[in-house]
Amino acid sequence: MGVQLGQIVSPTEVPLDSLKGKKLALDAYNMLYQFLATIRQADGTPFTGDGGEVTSHLVGLLYRTTSLLVNGIRPIYSFDGKPSPLKLNTLKARARVKERATQEWEAALQAGDLPLAKKKAAQTSRLTEPMVADAKELLDALGVPWVQAPSEGEAQAAQMARRGDVWAAASEDYDTLLFGTPRLVRGLAALKHSLRDTGSVRVLSAEEVLSQLSLSLPEFIVMCLLIGTDFNEGFQGIGPKRALKLAQEHLGFEETIRRVGGDPATLKEVADLFGNPPFTPEYRLVWTRPTPEKVMRLLVDRHGFEEARIARTVEKLGDVDLSTPPKPLQTALDDFEGRT
DNA sequence: CCAGAATA
DNA sequence: TATTCTGGG
């Protein structure tokens, strides 16, 4: 879920075309969970292969990845590793939500309420080890790089962007901003476009966000700690609005925390996690042609996808330009940043 | 979610 | 030809 910043940040809408030739580090779990939530039948049943194994995430990953590549975007997927102990409460809470949603899904089915059933089913999504292994194997077969983060995939993506290895981190959550990304791309979940509307995504520039809010990055992090993150609970009666106001008083870390009755020592640990998150420098940003036989073996032979359909999809990648432009075209956002 | 068929 | 619906696994 991540920190709730939707109320107080305003993204810039940019045409999809402006991402052409750019490398993006994608939060793989964020994306795979979205596929698992949405790619379901009317009654909420996920797609499965012959053996009953869930395949919704592979459907989504295949089509999303080809769509990105055809649009000239160079994705690298960042997979979650071991969660921080600080996240255990959040994970337990999510597990409880899933248990309840599973019961409510069944109840909705009994009542014959399909829309409700699908909505509840979406909340039951689980990403298992074999499912993750399949996703990585599919990326390998497609010639798309991925990296195994030591801990948070979002932190890994953010650090890659901070080091300038990729143009931006991409996730629907805002946590990459806390993890220090200079840019966050949202809205890759709706790439579909027509002739008049050529598609667009939302970009958040960290520099722009901070200057709009009149906050330093450490103050921004404190604000988020007040609101609550996946790694700490937040405070009763403090939402985005009040947290922003308090952070804007520039009282410093300890005093700001004390104002809401929090313990600076405990929260310092969370602030450090955001400010200096674990990541690995061992990743290779190399995109190659897909290996159709590998894609076929995985999706058709092992998971029962329709051969002709997959062949058609992989074919589209044949004439994708995989080179990285030495001098990327300047976008409106780059121009804006250049002046600030 | 995306692709392709159906539709108007 | 652009938009809506349905099937995919």
# chains A, B, ... in the order shown; residues from 1 in each chain; ligands from 1

call {"tool": "closest_atom_pairs", "arguments": {"of": "region 70-145 of chain A", "to": "region 30-48 of chain A", "cutoff": "9 Å", "atoms": "only C-alpha atoms", "output": "CSV"}}
result
residue,atom,partner,partner_atom,distance
A:Trp105,CA,A:Gly44,CA,8.0
A:Leu109,CA,A:Asp43,CA,7.3
A:Asp113,CA,A:Asp43,CA,8.6
A:Leu114,CA,A:Asp43,CA,5.3
A:Pro115,CA,A:Ala42,CA,7.3
A:Leu116,CA,A:Asp43,CA,8.7
A:Ala117,CA,A:Asp43,CA,5.8
A:Lys118,CA,A:Gly44,CA,4.0
A:Lys119,CA,A:Gly44,CA,7.4
A:Lys120,CA,A:Gly44,CA,7.7
A:Ala121,CA,A:Gly44,CA,5.1
A:Ala122,CA,A:Ala37,CA,4.0
A:Gln123,CA,A:Ala37,CA,6.6
A:Thr124,CA,A:Ala37,CA,7.8
A:Ser125,CA,A:Leu36,CA,5.8
A:Arg126,CA,A:Tyr33,CA,7.6
A:Leu127,CA,A:Tyr33,CA,7.1
A:Val132,CA,A:Leu32,CA,8.8
A:Ala135,CA,A:Leu32,CA,8.7

call {"tool": "interface_residues", "arguments": {"of": "chain B", "to": "chain A", "cutoff": "10 Å", "atoms": "only C-alpha atoms (C1' of nucleotides)", "output": "list in words"}}
result
DC1, DC2 and DA3 of chain B

call {"tool": "atom_distance", "arguments": {"atom1": "CA of Leu88 (chain A)", "atom2": "CA of Gly2 (chain A)"}}
result
13.7 Å

call {"tool": "select_by_dssp", "arguments": {"residues": "region 125-331 of chain A", "states": "alpha helix (DSSP H)", "output": "VMD selection string"}}
result
chain A and resid 129 to 142 153 to 162 175 to 178 206 to 213 217 to 227 240 to 247 253 to 259 264 to 275 292 to 296 307 to 315

call {"tool": "residues_around", "arguments": {"residues": "region 237-248 of chain A", "least_positions_apart": "4", "cutoff": "8 Å", "atoms": "only C-alpha atoms (C1' of nucleotides)", "output": "list in words"}}
result
Gln4, Leu5, Gln7, Ile8, Leu213, Ser214, Leu215, Glu219, Phe220, Val222, Met223, Cys224, Leu226, Ile227 and Thr256 of chain A

call {"tool": "write_last_selection", "arguments": {"atoms": "N, CA and C atoms", "output": "PDB file, in the first residue's frame"}}
result
ATOM      1  N   GLN A   4       0.445   7.347   2.116  1.00  0.00           N
ATOM      2  CA  GLN A   4      -0.696   7.991   1.442  1.00  0.00           C
ATOM      3  C   GLN A   4      -0.385   9.442   1.090  1.00  0.00           C
ATOM      4  N   LEU A   5       0.130   9.661  -0.107  1.00  0.00           N
ATOM      5  CA  LEU A   5       0.527  11.014  -0.488  1.00  0.00           C
ATOM      6  C   LEU A   5      -0.339  11.625  -1.585  1.00  0.00           C
ATOM      7  N   GLN A   7      -3.040  13.046  -1.733  1.00  0.00           N
ATOM      8  CA  GLN A   7      -3.688  14.319  -1.447  1.00  0.00           C
ATOM      9  C   GLN A   7      -2.766  15.524  -1.628  1.00  0.00           C
ATOM     10  N   ILE A   8      -1.483  15.325  -1.434  1.00  0.00           N
ATOM     11  CA  ILE A   8      -0.633  16.511  -1.326  1.00  0.00           C
ATOM     12  C   ILE A   8       0.463  16.634  -2.385  1.00  0.00           C
ATOM     13  N   LEU A 213       6.241  21.705  -1.769  1.00  0.00           N
ATOM     14  CA  LEU A 213       5.826  21.554  -0.371  1.00  0.00           C
ATOM     15  C   LEU A 213       6.680  22.383   0.575  1.00  0.00           C
ATOM     16  N   SER A 214       7.726  23.016   0.047  1.00  0.00           N
ATOM     17  CA  SER A 214       8.692  23.755   0.874  1.00  0.00           C
ATOM     18  C   SER A 214       9.296  22.869   1.948  1.00  0.00           C
ATOM     19  N   LEU A 215       9.722  21.679   1.549  1.00  0.00           N
ATOM     20  CA  LEU A 215      10.331  20.744   2.496  1.00  0.00           C
ATOM     21  C   LEU A 215      11.673  20.261   1.953  1.00  0.00           C
ATOM     22  N   GLU A 219      12.804  16.389   5.858  1.00  0.00           N
ATOM     23  CA  GLU A 219      11.512  16.856   6.384  1.00  0.00           C
ATOM     24  C   GLU A 219      10.360  16.123   5.722  1.00  0.00           C
ATOM     25  N   PHE A 220      10.536  15.827   4.455  1.00  0.00           N
ATOM     26  CA  PHE A 220       9.529  15.063   3.714  1.00  0.00           C
ATOM     27  C   PHE A 220       9.374  13.668   4.329  1.00  0.00           C
ATOM     28  N   VAL A 222      10.089  12.852   7.438  1.00  0.00           N
ATOM     29  CA  VAL A 222       9.422  13.000   8.731  1.00  0.00           C
ATOM     30  C   VAL A 222       7.915  13.147   8.548  1.00  0.00           C
ATOM     31  N   MET A 223       7.535  13.945   7.567  1.00  0.00           N
ATOM     32  CA  MET A 223       6.105  14.113   7.290  1.00  0.00           C
ATOM     33  C   MET A 223       5.445  12.758   7.037  1.00  0.00           C
ATOM     34  N   CYS A 224       6.113  11.931   6.247  1.00  0.00           N
ATOM     35  CA  CYS A 224       5.554  10.613   5.929  1.00  0.00           C
ATOM     36  C   CYS A 224       5.511   9.708   7.152  1.00  0.00           C
ATOM     37  N   LEU A 226       4.900  10.734  10.095  1.00  0.00           N
ATOM     38  CA  LEU A 226       3.723  11.186  10.844  1.00  0.00           C
ATOM     39  C   LEU A 226       2.449  10.601  10.238  1.00  0.00           C
ATOM     40  N   ILE A 227       2.397  10.574   8.920  1.00  0.00           N
ATOM     41  CA  ILE A 227       1.221  10.030   8.226  1.00  0.00           C
ATOM     42  C   ILE A 227       1.136   8.515   8.442  1.00  0.00           C
ATOM     43  N   THR A 256       9.747  17.626  15.878  1.00  0.00           N
ATOM     44  CA  THR A 256       8.541  17.342  15.089  1.00  0.00           C
ATOM     45  C   THR A 256       7.873  16.063  15.590  1.00  0.00           C
TER      46      THR A 256
END

call {"tool": "interface_residues", "arguments": {"of": "chain C", "to": "chain A", "cutoff": "10 Å", "atoms": "only C-alpha atoms (C1' of nucleotides)", "output": "list in words"}}
result
DA2, DT3, DG7, DG8 and DG9 of chain C

call {"tool": "residues_around", "arguments": {"residues": "DT4 (chain C)", "least_positions_apart": "4", "cutoff": "12 Å", "atoms": "only C-alpha atoms (C1' of nucleotides)", "output": "list in words"}}
result
DA5, DA6, DT7 and DA8 of chain B

call {"tool": "atom_distance", "arguments": {"atom1": "CA of Gly72 (chain A)", "atom2": "CA of Val9 (chain A)"}}
result
27.6 Å

call {"tool": "select_by_dssp", "arguments": {"residues": "region 97-336 of chain A", "states": "strand (DSSP E)", "output": "PyMOL selection string"}}
result
chain A and resi 146-148+168-170+183-186+200-205

call {"tool": "atom_distance", "arguments": {"atom1": "CA of Lys268 (chain A)", "atom2": "CA of Val97 (chain A)"}}
result
28.6 Å

call {"tool": "residues_around", "arguments": {"residues": "Val14 (chain A)", "least_positions_apart": "3", "cutoff": "7 Å", "atoms": "only C-alpha atoms (C1' of nucleotides)", "output": "VMD selection string"}}
result
chain A and resid 18 200 to 203

call {"tool": "write_last_selection", "arguments": {"atoms": "C-alpha atoms", "output": "compact mmCIF listing (two decimals), in the first residue's frame"}}
result
# COMPACT_ATOMS: atom_id res chain seq x y z
CA SER A 18 8.57 11.35 -23.90
CA SER A 200 0.33 9.55 -21.08
CA VAL A 201 1.88 8.84 -17.70
CA ARG A 202 2.31 10.85 -14.51
CA VAL A 203 5.78 11.92 -13.49

call {"tool": "residues_around", "arguments": {"residues": "Asp134 (chain A)", "least_positions_apart": "4", "cutoff": "8 Å", "atoms": "only C-alpha atoms (C1' of nucleotides)", "output": "list in words"}}
result
Leu58, Pro130, Leu138 and Leu298 of chain A
